[in-house]
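Below is one structure, written out as structure tokens; comments come after it.
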Amino acid sequence: MGRTPWSAADALVGLRPKAGRGAARAPGGPPHWRHASMVFPTTLIKAVKGTRDLLPPSTEVWNRVETAARAVFRAYNYREIRTPILEETQLFARGVGAETDIVTKEMYTFEDRDGSSLTLRPENTASVIRAYIEHRLDQRPGVRKLYYMGPMFRRERPQKGRFRQFYQIGAEAIGSESPLADAEVIEMVVELLGRAGLTGFKLLINSVGDRHCRPQYVELLRKELEGVAARMCGDCRRRADANPLRVLDCKVEADQPIIDKLPHIVDCLCEECRAHFEAVKRYLDDRGIAYEVRPRLVRGLDYYMRTTFEVVHGALGSQNSVLGGGRYDGLAESLGSKTPAPGIGFSIGEDRLVMSVESETDGAALDLLIAPLGEPAVRQCALMARDYRRAGLSVELAEGRLKRVMELANKLGARYALIVGEDEMAAGRYALKNMSTGEQESLTREEIAARLGASLN
Ligand SMILES: [Zn+2]
Ligand SMILES: [Zn+2]
């Protein structure tokens with residue numbers, strides 16, 4: 001045909017609607033579709049690298065985690081915010097920090113048709129603060145408490161538990177500098193993880209100072225690194241001068257003894273930051289929340305100030321962080337807000353949280369499988385299925401030979417199976433089989449609902 005068989009441009013042309021109404025309805029489809037189907041490569045289309053389909057029964061665990069999170073958020077008076085997935089690129093350049101790995105290497109950034117630069121959100125705090133400023137939420141009384149859940153995008157190297165489209169559950173409390181806000185957010189995190197089913201996790205906290213004391217610490221770190229950087233890994237050598245705080249994140253084994261000897265930021269805090277950190281710890285002690293002060297916990301984002309925290313869980317190996325958060329008192333100003341909006345928040349890596357709790361899930365999701373024997377029974381069973389579903393039960397209606405249907409009940413993990421034939425219909429009593437014990441009872445419609453823990457209206 002004298003041209004390349006298929007290109008992205010062809011696909012875009014195909015997706016663009018034609019001007020004339022009749023054009024797209026020509027017999028056999030419009031010419032560009034026919035062209036595409038003739039030469040379209042026949043390789044199987046798979047999910048994009050680093051993305052994945054979430055399938056049942058795993059989606060049930062996702063839903064359970066999200067339901068638990070919503071209940072905890074409600075108890076702490078947080079309300080949901082849903083921000084767009086697309087934002088202007090400069091929001092993250094300014095909000096996350098132009099020198100961070102996220103902004104320099106990992107963002108999905110593209111030029112829109114009008115030439116503006118857009119980015120798929122790599123995290124959500126900057127978006128929430130943007131919305132907070134844009135909608136003047138600071139004008140309302142009290143602390144604004146907002147939570148979100150949804151997909152984020154970072155072009156990281158795919159590895160176990162890391163995805164390029166990943167999900168976060170997070171919250172922000174904006175409008176208070178008080179250490180009480182920090183303690184309450186951390187308490188909520190602990191409640192949330194417990195209610196989602198995570199056990200055996202560890203809470204790490206630190207203070208990274210503020211604009212008064214952190215620059216001095218960074219200077220001190222830079223001086224200390226001058227003497228030792230030559231013995232460290234390539235990343236550390238590069239960061240020793242440009243971004244010394246990042247050296248503390250290094251995971252290279254040989255560098256650890258050197259890093260352990262570097263000065264700790266908690267020893268360099270100014271009076272205000274020290275008092276703030278002491279108060280946060282005191283409030284956590286009051287609540288009986290166990291924590292460990294981890295002086296190296298500086299986190300990857302530029303906007304953190306004072307309190308930072310992280311939750312780690314052993315089941316996740318080296319990628320063991322389930323959640324990270326901290327205070328970001330200067331973020332709103334860096335995004336152009338005239339009024340300060342001190343805040344603290346966190347985000348949970350939902351993919352990793354689900355992975356950690358997934359093993360403890362039982363698969364039973366179906367309450368009842370109904371097996372009608374014959375056409376009149378099919379019609380009556382359809383109505384029974386509807387009524388039990390209205391009562392809140394999960395119900396499957398399966399036609400076919402009884403033996404096959406009972407096999408299906410086993411495969412679906414149904415708690416009960418209900419057999420309905422002519423005799424049962426005449427008597428108004430039906431055979432309910434408990435699938436785990438094999439016991440069978442003859443019960444009325446109402447008794448069946450009660451046995452399954454529901455009631456018919
Ligand atoms: Zn290193
Ligand atoms: Zn300070």
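Every chain in the structure tokens takes a letter, A first, then B, and so on in the order presented; its residues are numbered from 1, and the ligands are numbered from 1 following the presented order.
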Residues near range 336-342 of chain A, anyone? I mean within 10 Å using only C-alpha atoms, not counting same-chain ones fewer than 6 positions away, as number ranges by chain.
A: 94, 129-130, 132-134, 136, 138, 143-144, 173-178, 305, 327-330
Just-selected residues, N, CA and C atoms written as an mmCIF file, in the first residue's frame:
```cif
data_model
loop_
_atom_site.group_PDB
_atom_site.id
_atom_site.type_symbol
_atom_site.label_atom_id
_atom_site.label_comp_id
_atom_site.auth_asym_id
_atom_site.auth_seq_id
_atom_site.Cartn_x
_atom_site.Cartn_y
_atom_site.Cartn_z
ATOM 1 N N ARG A 94 5.819 23.757 41.290
ATOM 2 C CA ARG A 94 5.894 24.675 42.426
ATOM 3 C C ARG A 94 5.497 24.014 43.742
ATOM 4 N N ILE A 129 -4.632 21.725 47.956
ATOM 5 C CA ILE A 129 -4.324 23.096 48.390
ATOM 6 C C ILE A 129 -4.705 24.094 47.290
ATOM 7 N N ARG A 130 -4.481 23.705 46.035
ATOM 8 C CA ARG A 130 -4.922 24.577 44.935
ATOM 9 C C ARG A 130 -6.430 24.819 45.016
ATOM 10 N N TYR A 132 -8.329 24.516 47.614
ATOM 11 C CA TYR A 132 -8.580 25.247 48.864
ATOM 12 C C TYR A 132 -8.431 26.750 48.640
ATOM 13 N N ILE A 133 -7.376 27.119 47.905
ATOM 14 C CA ILE A 133 -7.150 28.545 47.621
ATOM 15 C C ILE A 133 -8.182 29.047 46.608
ATOM 16 N N GLU A 134 -8.367 28.263 45.529
ATOM 17 C CA GLU A 134 -9.237 28.687 44.430
ATOM 18 C C GLU A 134 -10.675 28.917 44.896
ATOM 19 N N ARG A 136 -11.615 29.588 48.002
ATOM 20 C CA ARG A 136 -11.623 30.406 49.218
ATOM 21 C C ARG A 136 -12.136 29.636 50.436
ATOM 22 N N ASP A 138 -10.586 28.975 52.913
ATOM 23 C CA ASP A 138 -10.023 29.554 54.148
ATOM 24 C C ASP A 138 -10.972 30.567 54.779
ATOM 25 N N VAL A 143 -10.985 24.518 61.177
ATOM 26 C CA VAL A 143 -10.002 23.808 60.365
ATOM 27 C C VAL A 143 -10.745 23.085 59.239
ATOM 28 N N ARG A 144 -10.228 23.206 57.995
ATOM 29 C CA ARG A 144 -10.828 22.470 56.874
ATOM 30 C C ARG A 144 -10.255 21.068 56.866
ATOM 31 N N ALA A 173 -5.671 18.314 56.851
ATOM 32 C CA ALA A 173 -6.308 19.204 57.835
ATOM 33 C C ALA A 173 -5.632 20.558 57.686
ATOM 34 N N ILE A 174 -6.368 21.532 57.154
ATOM 35 C CA ILE A 174 -5.747 22.801 56.777
ATOM 36 C C ILE A 174 -6.280 23.920 57.665
ATOM 37 N N GLY A 175 -5.362 24.733 58.184
ATOM 38 C CA GLY A 175 -5.778 25.896 58.950
ATOM 39 C C GLY A 175 -5.346 25.875 60.403
ATOM 40 N N SER A 176 -4.476 24.975 60.792
ATOM 41 C CA SER A 176 -4.001 24.951 62.171
ATOM 42 C C SER A 176 -2.515 24.615 62.233
ATOM 43 N N GLU A 177 -1.799 25.380 63.056
ATOM 44 C CA GLU A 177 -0.385 25.092 63.299
ATOM 45 C C GLU A 177 -0.195 24.233 64.536
ATOM 46 N N SER A 178 -1.293 24.017 65.256
ATOM 47 C CA SER A 178 -1.191 23.388 66.564
ATOM 48 C C SER A 178 -0.712 21.941 66.493
ATOM 49 N N MET A 305 7.299 20.405 56.489
ATOM 50 C CA MET A 305 7.889 21.216 57.551
ATOM 51 C C MET A 305 7.505 20.605 58.888
ATOM 52 N N ARG A 327 3.577 17.764 57.883
ATOM 53 C CA ARG A 327 3.066 19.127 57.951
ATOM 54 C C ARG A 327 3.678 19.937 56.814
ATOM 55 N N TYR A 328 2.911 20.847 56.246
ATOM 56 C CA TYR A 328 3.391 21.619 55.090
ATOM 57 C C TYR A 328 2.953 23.075 55.221
ATOM 58 N N ASP A 329 3.479 23.753 56.239
ATOM 59 C CA ASP A 329 2.971 25.081 56.567
ATOM 60 C C ASP A 329 3.195 26.139 55.490
ATOM 61 N N GLY A 330 4.179 25.980 54.617
ATOM 62 C CA GLY A 330 4.439 27.027 53.629
ATOM 63 C C GLY A 330 3.879 26.738 52.245
#
```
Within 7 Å of ligand 2, which residues of chain A come that close, and what is the closest atom pair and distance in Å for each? Count only C-alpha atoms and all ligand atoms and give it as JSON lines.
```
{"residue": "A:Gly209", "atom": "CA", "partner": "ligand 2", "partner_atom_place_in_ligand_line": "1 (Zn)", "distance": 4.5}
{"residue": "A:Asp210", "atom": "CA", "partner": "ligand 2", "partner_atom_place_in_ligand_line": "1 (Zn)", "distance": 4.3}
{"residue": "A:Arg211", "atom": "CA", "partner": "ligand 2", "partner_atom_place_in_ligand_line": "1 (Zn)", "distance": 6.5}
{"residue": "A:His212", "atom": "CA", "partner": "ligand 2", "partner_atom_place_in_ligand_line": "1 (Zn)", "distance": 5.0}
{"residue": "A:Cys213", "atom": "CA", "partner": "ligand 2", "partner_atom_place_in_ligand_line": "1 (Zn)", "distance": 4.3}
{"residue": "A:Arg214", "atom": "CA", "partner": "ligand 2", "partner_atom_place_in_ligand_line": "1 (Zn)", "distance": 6.6}
{"residue": "A:Leu269", "atom": "CA", "partner": "ligand 2", "partner_atom_place_in_ligand_line": "1 (Zn)", "distance": 5.1}
{"residue": "A:Cys270", "atom": "CA", "partner": "ligand 2", "partner_atom_place_in_ligand_line": "1 (Zn)", "distance": 4.1}
{"residue": "A:Glu271", "atom": "CA", "partner": "ligand 2", "partner_atom_place_in_ligand_line": "1 (Zn)", "distance": 6.6}
{"residue": "A:Glu272", "atom": "CA", "partner": "ligand 2", "partner_atom_place_in_ligand_line": "1 (Zn)", "distance": 5.8}
{"residue": "A:Cys273", "atom": "CA", "partner": "ligand 2", "partner_atom_place_in_ligand_line": "1 (Zn)", "distance": 4.3}
```
Using the selection just defined, write its residues with C-alpha atoms as a PDB file, in the first residue's frame.
```pdb
ATOM      1  CA  GLY A 209      12.291  21.862  61.171  1.00  0.00           C
ATOM      2  CA  ASP A 210      11.083  24.979  59.420  1.00  0.00           C
ATOM      3  CA  ARG A 211      12.476  27.768  57.254  1.00  0.00           C
ATOM      4  CA  HIS A 212      14.409  29.135  60.240  1.00  0.00           C
ATOM      5  CA  CYS A 213      16.286  26.058  61.359  1.00  0.00           C
ATOM      6  CA  ARG A 214      16.301  23.681  58.400  1.00  0.00           C
ATOM      7  CA  LEU A 269      15.755  22.384  65.680  1.00  0.00           C
ATOM      8  CA  CYS A 270      15.040  25.952  66.707  1.00  0.00           C
ATOM      9  CA  GLU A 271      13.152  26.610  69.958  1.00  0.00           C
ATOM     10  CA  GLU A 272       9.688  26.780  68.328  1.00  0.00           C
ATOM     11  CA  CYS A 273      10.189  23.613  66.290  1.00  0.00           C
TER      12      CYS A 273
END
```
Neighbours of ligand 1 at 8 Å or closer, counting only C-alpha atoms and all ligand atoms: which residues, as a ChimeraX atom specification?
/A:232-237,247,250-252,254-256
Go ahead and write the residues just picked, N, CA and C atoms, as a short mmCIF file (atom, residue, chain, number, x, y, z; two decimals), in the first residue's frame.
```cif
data_model
loop_
_atom_site.label_atom_id
_atom_site.label_comp_id
_atom_site.auth_asym_id
_atom_site.auth_seq_id
_atom_site.Cartn_x
_atom_site.Cartn_y
_atom_site.Cartn_z
N MET A 232 31.01 7.37 49.12
CA MET A 232 29.61 6.96 49.03
C MET A 232 29.19 6.66 47.58
N CYS A 233 27.93 6.20 47.43
CA CYS A 233 27.45 5.81 46.10
C CYS A 233 27.29 7.04 45.19
N GLY A 234 27.08 6.78 43.91
CA GLY A 234 26.99 7.85 42.91
C GLY A 234 25.90 8.86 43.23
N ASP A 235 24.71 8.34 43.60
CA ASP A 235 23.60 9.24 43.95
C ASP A 235 23.98 10.16 45.09
N CYS A 236 24.60 9.58 46.14
CA CYS A 236 24.97 10.37 47.32
C CYS A 236 26.01 11.43 46.94
N ARG A 237 26.99 11.04 46.12
CA ARG A 237 28.03 12.01 45.71
C ARG A 237 27.38 13.19 45.00
N VAL A 247 20.40 12.60 50.72
CA VAL A 247 21.37 11.57 51.08
C VAL A 247 20.81 10.67 52.17
N CYS A 250 19.12 7.41 51.11
CA CYS A 250 19.89 6.39 50.38
C CYS A 250 19.67 5.01 50.99
N LYS A 251 19.46 4.01 50.10
CA LYS A 251 19.21 2.65 50.58
C LYS A 251 20.44 1.74 50.38
N VAL A 252 21.51 2.29 49.78
CA VAL A 252 22.69 1.46 49.50
C VAL A 252 23.33 1.01 50.81
N ALA A 254 26.24 -0.18 51.79
CA ALA A 254 27.58 0.26 52.19
C ALA A 254 27.57 1.70 52.74
N ASP A 255 26.56 2.47 52.35
CA ASP A 255 26.51 3.87 52.79
C ASP A 255 25.90 4.04 54.18
N GLN A 256 25.22 3.00 54.65
CA GLN A 256 24.44 3.16 55.89
C GLN A 256 25.28 3.56 57.11
#
```
Which residue is closest to Gly453 in chain A? Choose from A:Thr42, A:Gln168, A:Ser321, A:Ser394 and count only C-alpha atoms.
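Smallest separation from Gly453 in chain A among the options: A:Ser394.
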Helix (DSSP H, G or I) residues, from DSSP on the backbone, in range 229-362 of chain A, as an MDAnalysis selection string
chainID A and resid 229:231 234:242 244:249 253:260 265:268 271:286 314:316 331:334 350:358
Output the selection as a short mmCIF file (atom, residue, chain, number, x, y, z; two decimals), in the first residue's frame - C-alpha atoms for each residue.
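Writing the result to again39.cif gives the following:
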```cif
data_model
loop_
_atom_site.label_atom_id
_atom_site.label_comp_id
_atom_site.auth_asym_id
_atom_site.auth_seq_id
_atom_site.Cartn_x
_atom_site.Cartn_y
_atom_site.Cartn_z
CA ALA A 229 30.89 11.79 50.08
CA ALA A 230 33.82 10.43 48.05
CA ARG A 231 33.35 7.05 49.78
CA GLY A 234 26.99 7.85 42.91
CA ASP A 235 23.60 9.24 43.95
CA CYS A 236 24.97 10.37 47.32
CA ARG A 237 28.03 12.01 45.71
CA ARG A 238 25.73 13.93 43.39
CA ARG A 239 23.30 14.91 46.15
CA ALA A 240 25.93 15.77 48.76
CA ASP A 241 26.14 19.31 47.47
CA ALA A 242 22.95 19.87 45.44
CA PRO A 244 22.08 16.95 50.98
CA LEU A 245 18.79 15.99 52.68
CA ARG A 246 18.20 13.39 49.98
CA VAL A 247 21.37 11.57 51.08
CA LEU A 248 19.43 10.47 54.15
CA ASP A 249 17.07 8.49 51.86
CA GLU A 253 23.95 -0.92 52.19
CA ALA A 254 27.58 0.26 52.19
CA ASP A 255 26.51 3.87 52.79
CA GLN A 256 24.44 3.16 55.89
CA PRO A 257 27.24 3.31 58.52
CA ILE A 258 28.34 6.66 57.07
CA ILE A 259 24.82 8.06 57.04
CA ASP A 260 24.19 6.88 60.60
CA ILE A 265 18.00 17.21 62.34
CA VAL A 266 16.17 16.81 65.67
CA ASP A 267 19.35 18.03 67.38
CA CYS A 268 19.36 21.20 65.26
CA GLU A 271 13.15 26.61 69.96
CA GLU A 272 9.69 26.78 68.33
CA CYS A 273 10.19 23.61 66.29
CA ARG A 274 11.56 21.76 69.29
CA ALA A 275 8.57 22.75 71.45
CA HIS A 276 6.18 21.75 68.66
CA PHE A 277 7.79 18.32 68.29
CA GLU A 278 7.83 17.74 72.06
CA ALA A 279 4.09 18.56 72.19
CA VAL A 280 3.28 16.16 69.33
CA LYS A 281 5.13 13.36 71.15
CA ARG A 282 3.40 14.20 74.44
CA TYR A 283 -0.05 14.08 72.79
CA LEU A 284 0.77 10.74 71.18
CA ASP A 285 1.90 9.40 74.58
CA ASP A 286 -1.43 10.56 76.07
CA GLY A 314 7.04 -5.98 57.57
CA ALA A 315 5.07 -7.93 54.96
CA LEU A 316 6.09 -5.50 52.24
CA LEU A 331 2.79 25.17 50.76
CA ALA A 332 -0.22 27.45 50.26
CA GLU A 333 2.02 30.53 50.04
CA SER A 334 4.25 28.84 47.47
CA GLU A 350 -3.76 1.80 48.79
CA ASP A 351 -2.17 -0.81 46.51
CA ARG A 352 0.26 -1.74 49.26
CA LEU A 353 -2.31 -1.57 52.04
CA VAL A 354 -4.58 -3.95 50.11
CA MET A 355 -1.62 -6.26 49.47
CA SER A 356 -0.88 -6.36 53.21
CA VAL A 357 -4.44 -7.15 54.31
CA GLU A 358 -5.44 -9.33 51.35
#
```
Give me, please, the distance in Å between CA of Ala431 in chain A and CA of Leu443 in chain A, quoted to one decimal.
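Value for the CA of Ala431 in chain A-CA of Leu443 in chain A distance: 6.6 Å.
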What's around Gly200 in chain A at 9 Å? Count only C-alpha atoms, leave out sequence neighbours fewer than 2 positions away in its own chain, and write the answer as a list in words.
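Counting only C-alpha atoms, the residues come to Leu198, Lys202, His313 and Gly314 of chain A.
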Please, could you write that set of residues out with C-alpha atoms as a PDB file, in the first residue's frame?
```
ATOM      1  CA  LEU A 198      -3.700  -4.054  59.054  1.00  0.00           C
ATOM      2  CA  LYS A 202       5.112   0.527  63.058  1.00  0.00           C
ATOM      3  CA  HIS A 313       4.791  -2.942  57.630  1.00  0.00           C
ATOM      4  CA  GLY A 314       7.044  -5.977  57.569  1.00  0.00           C
TER       5      GLY A 314
END
```
Pick out each residue of range 230-444 of chain A that DSSP on the backbone tags as strand (DSSP E); I need them as a PyMOL selection string.
chain A and resi 292-293+305-313+321-327+343-349+368-372+395-397+416-420+430-434+440-443
Keeping only N, CA and C atoms, write the selected residues as a compact mmCIF listing (two decimals), in the first residue's frame.
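For reference, part17.txt as written:
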```
# COMPACT_ATOMS: atom_id res chain seq x y z
N GLU A 292 8.24 5.56 66.99
CA GLU A 292 9.70 5.54 67.08
C GLU A 292 10.19 6.80 66.37
N VAL A 293 11.04 7.57 67.03
CA VAL A 293 11.60 8.76 66.37
C VAL A 293 12.69 8.29 65.42
N MET A 305 7.30 20.41 56.49
CA MET A 305 7.89 21.22 57.55
C MET A 305 7.51 20.61 58.89
N ARG A 306 8.41 20.72 59.84
CA ARG A 306 8.16 20.16 61.17
C ARG A 306 7.80 18.67 61.11
N THR A 307 6.59 18.30 61.57
CA THR A 307 6.28 16.88 61.73
C THR A 307 6.26 16.12 60.41
N THR A 308 7.00 15.00 60.35
CA THR A 308 6.82 14.04 59.27
C THR A 308 6.56 12.68 59.92
N PHE A 309 5.83 11.84 59.23
CA PHE A 309 5.60 10.50 59.77
C PHE A 309 5.42 9.49 58.66
N GLU A 310 5.60 8.24 59.04
CA GLU A 310 5.52 7.16 58.08
C GLU A 310 5.06 5.92 58.82
N VAL A 311 4.33 5.06 58.14
CA VAL A 311 3.96 3.78 58.74
C VAL A 311 4.57 2.68 57.88
N VAL A 312 5.30 1.77 58.51
CA VAL A 312 5.91 0.67 57.78
C VAL A 312 5.32 -0.65 58.25
N HIS A 313 5.37 -1.63 57.35
CA HIS A 313 4.79 -2.94 57.63
C HIS A 313 5.72 -4.00 57.07
N SER A 321 6.90 0.86 53.17
CA SER A 321 6.14 2.00 53.65
C SER A 321 4.70 1.95 53.12
N VAL A 322 3.73 1.94 54.05
CA VAL A 322 2.32 1.89 53.67
C VAL A 322 1.76 3.29 53.52
N LEU A 323 2.38 4.23 54.24
CA LEU A 323 1.76 5.54 54.38
C LEU A 323 2.83 6.56 54.74
N GLY A 324 2.67 7.76 54.20
CA GLY A 324 3.57 8.82 54.58
C GLY A 324 2.81 10.12 54.73
N GLY A 325 3.30 10.98 55.60
CA GLY A 325 2.60 12.24 55.76
C GLY A 325 3.46 13.25 56.48
N GLY A 326 2.89 14.43 56.65
CA GLY A 326 3.61 15.45 57.36
C GLY A 326 2.93 16.80 57.25
N ARG A 327 3.58 17.76 57.88
CA ARG A 327 3.07 19.13 57.95
C ARG A 327 3.68 19.94 56.81
N GLY A 343 -0.94 23.35 57.32
CA GLY A 343 -1.73 22.13 57.26
C GLY A 343 -0.90 20.89 57.52
N ILE A 344 -1.59 19.80 57.73
CA ILE A 344 -0.91 18.51 57.89
C ILE A 344 -1.77 17.46 57.22
N GLY A 345 -1.12 16.50 56.61
CA GLY A 345 -1.88 15.48 55.91
C GLY A 345 -1.06 14.22 55.71
N PHE A 346 -1.66 13.26 55.05
CA PHE A 346 -0.97 12.00 54.78
C PHE A 346 -1.58 11.37 53.55
N SER A 347 -0.87 10.43 52.96
CA SER A 347 -1.49 9.61 51.93
C SER A 347 -1.07 8.16 52.13
N ILE A 348 -2.04 7.30 51.99
CA ILE A 348 -1.83 5.87 52.13
C ILE A 348 -1.67 5.30 50.73
N GLY A 349 -0.65 4.46 50.53
CA GLY A 349 -0.55 3.72 49.28
C GLY A 349 -1.54 2.58 49.33
N LEU A 368 -26.49 -16.32 48.75
CA LEU A 368 -27.50 -17.31 48.37
C LEU A 368 -27.48 -17.58 46.88
N LEU A 369 -27.49 -18.87 46.53
CA LEU A 369 -27.68 -19.24 45.14
C LEU A 369 -29.03 -19.95 45.03
N ILE A 370 -29.89 -19.47 44.14
CA ILE A 370 -31.22 -20.05 44.01
C ILE A 370 -31.28 -20.93 42.76
N ALA A 371 -31.76 -22.17 42.97
CA ALA A 371 -31.82 -23.14 41.88
C ALA A 371 -33.27 -23.49 41.57
N PRO A 372 -33.87 -22.89 40.54
CA PRO A 372 -35.25 -23.23 40.17
C PRO A 372 -35.28 -24.50 39.30
N VAL A 395 -27.28 -12.32 45.89
CA VAL A 395 -28.03 -13.49 45.43
C VAL A 395 -27.71 -13.77 43.97
N GLU A 396 -27.54 -15.04 43.66
CA GLU A 396 -27.37 -15.45 42.26
C GLU A 396 -28.48 -16.43 41.91
N LEU A 397 -29.06 -16.25 40.72
CA LEU A 397 -30.12 -17.13 40.24
C LEU A 397 -29.53 -17.96 39.09
N TYR A 416 -25.34 -20.35 51.15
CA TYR A 416 -26.54 -21.19 51.11
C TYR A 416 -26.98 -21.41 49.66
N ALA A 417 -27.66 -22.54 49.43
CA ALA A 417 -28.33 -22.77 48.15
C ALA A 417 -29.80 -23.04 48.44
N LEU A 418 -30.67 -22.53 47.57
CA LEU A 418 -32.10 -22.68 47.75
C LEU A 418 -32.66 -23.43 46.55
N ILE A 419 -33.35 -24.57 46.81
CA ILE A 419 -33.87 -25.37 45.72
C ILE A 419 -35.38 -25.21 45.66
N VAL A 420 -35.87 -24.83 44.49
CA VAL A 420 -37.29 -24.52 44.34
C VAL A 420 -37.87 -25.32 43.17
N TYR A 430 -39.40 -24.01 51.21
CA TYR A 430 -38.35 -24.25 50.23
C TYR A 430 -37.15 -24.92 50.90
N ALA A 431 -36.38 -25.67 50.10
CA ALA A 431 -35.24 -26.41 50.66
C ALA A 431 -34.00 -25.52 50.67
N LEU A 432 -33.59 -25.13 51.88
CA LEU A 432 -32.39 -24.29 52.02
C LEU A 432 -31.23 -25.15 52.51
N LYS A 433 -30.16 -25.15 51.72
CA LYS A 433 -29.00 -25.97 52.06
C LYS A 433 -27.84 -25.10 52.52
N ASN A 434 -27.33 -25.40 53.69
CA ASN A 434 -26.13 -24.73 54.19
C ASN A 434 -24.93 -25.36 53.49
N GLN A 440 -29.80 -29.42 55.46
CA GLN A 440 -30.89 -28.90 54.64
C GLN A 440 -32.14 -28.72 55.49
N GLU A 441 -32.81 -27.58 55.30
CA GLU A 441 -34.02 -27.29 56.07
C GLU A 441 -35.13 -26.89 55.12
N SER A 442 -36.37 -27.10 55.57
CA SER A 442 -37.53 -26.67 54.78
C SER A 442 -38.11 -25.42 55.44
N LEU A 443 -38.02 -24.28 54.75
CA LEU A 443 -38.37 -22.99 55.38
C LEU A 443 -39.25 -22.14 54.48
```
With only C-alpha atoms as the counted atoms, please give the residues lying no more than 12 Å from Pro84 in chain A, apart from itself and same-chain residues fewer than 5 positions off, as an mmCIF file with N, CA and C atoms, in the first residue's frame.
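File out-v3.cif, as written:
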```
data_model
loop_
_atom_site.group_PDB
_atom_site.id
_atom_site.type_symbol
_atom_site.label_atom_id
_atom_site.label_comp_id
_atom_site.auth_asym_id
_atom_site.auth_seq_id
_atom_site.Cartn_x
_atom_site.Cartn_y
_atom_site.Cartn_z
ATOM 1 N N LEU A 118 0.207 20.022 30.555
ATOM 2 C CA LEU A 118 -0.643 19.368 31.551
ATOM 3 C C LEU A 118 0.068 18.137 32.114
ATOM 4 N N THR A 119 -0.323 17.755 33.324
ATOM 5 C CA THR A 119 0.299 16.608 33.987
ATOM 6 C C THR A 119 -0.772 15.774 34.689
ATOM 7 N N LEU A 120 -0.644 14.457 34.563
ATOM 8 C CA LEU A 120 -1.484 13.556 35.359
ATOM 9 C C LEU A 120 -0.981 13.641 36.793
ATOM 10 N N ARG A 121 -1.864 13.897 37.738
ATOM 11 C CA ARG A 121 -1.403 14.178 39.097
ATOM 12 C C ARG A 121 -0.530 13.040 39.646
ATOM 13 N N PRO A 122 0.671 13.397 40.147
ATOM 14 C CA PRO A 122 1.543 12.386 40.742
ATOM 15 C C PRO A 122 1.280 12.225 42.238
ATOM 16 N N GLU A 123 0.525 13.142 42.810
ATOM 17 C CA GLU A 123 0.140 13.105 44.220
ATOM 18 C C GLU A 123 -1.003 14.110 44.343
ATOM 19 N N ASN A 124 -1.631 14.210 45.504
ATOM 20 C CA ASN A 124 -2.844 15.020 45.538
ATOM 21 C C ASN A 124 -2.813 16.210 46.492
ATOM 22 N N ALA A 126 -0.926 18.902 46.541
ATOM 23 C CA ALA A 126 -0.848 20.178 45.824
ATOM 24 C C ALA A 126 -2.202 20.529 45.204
ATOM 25 N N SER A 127 -2.906 19.524 44.662
ATOM 26 C CA SER A 127 -4.223 19.778 44.070
ATOM 27 C C SER A 127 -5.235 20.222 45.124
ATOM 28 N N VAL A 128 -5.199 19.563 46.285
ATOM 29 C CA VAL A 128 -6.147 19.924 47.347
ATOM 30 C C VAL A 128 -5.893 21.358 47.813
ATOM 31 N N ARG A 130 -4.481 23.705 46.035
ATOM 32 C CA ARG A 130 -4.922 24.577 44.935
ATOM 33 C C ARG A 130 -6.430 24.819 45.016
ATOM 34 N N ALA A 131 -7.191 23.757 45.211
ATOM 35 C CA ALA A 131 -8.651 23.888 45.312
ATOM 36 C C ALA A 131 -9.036 24.713 46.541
ATOM 37 N N TYR A 148 -9.545 12.337 50.378
ATOM 38 C CA TYR A 148 -9.681 11.960 48.967
ATOM 39 C C TYR A 148 -9.272 10.516 48.790
ATOM 40 N N MET A 149 -9.732 9.905 47.732
ATOM 41 C CA MET A 149 -9.192 8.633 47.288
ATOM 42 C C MET A 149 -9.228 8.593 45.776
ATOM 43 N N GLY A 150 -8.216 7.989 45.171
ATOM 44 C CA GLY A 150 -8.223 7.912 43.718
ATOM 45 C C GLY A 150 -6.857 7.606 43.152
ATOM 46 N N PRO A 151 -6.781 7.524 41.811
ATOM 47 C CA PRO A 151 -5.528 7.151 41.165
ATOM 48 C C PRO A 151 -4.548 8.316 41.031
ATOM 49 N N MET A 152 -3.262 8.004 41.160
ATOM 50 C CA MET A 152 -2.164 8.944 40.927
ATOM 51 C C MET A 152 -1.254 8.273 39.893
#
```
In Å, rounded to a single decimal, give me how far CA of Leu393 in chain A is from CA of Glu439 in chain A.
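Between CA of Glu439 in chain A and CA of Leu393 in chain A the gap works out to 20.3 Å.
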Compare A:Val103, A:Ile85, A:Leu193, A:Leu408 by their minimum atom-to-atom distance to Val65 in chain A, counting only C-alpha atoms, and give me the closest one.
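Nearest candidate to Val65 in chain A out of A:Val103, A:Ile85, A:Leu193, A:Leu408: A:Leu193.
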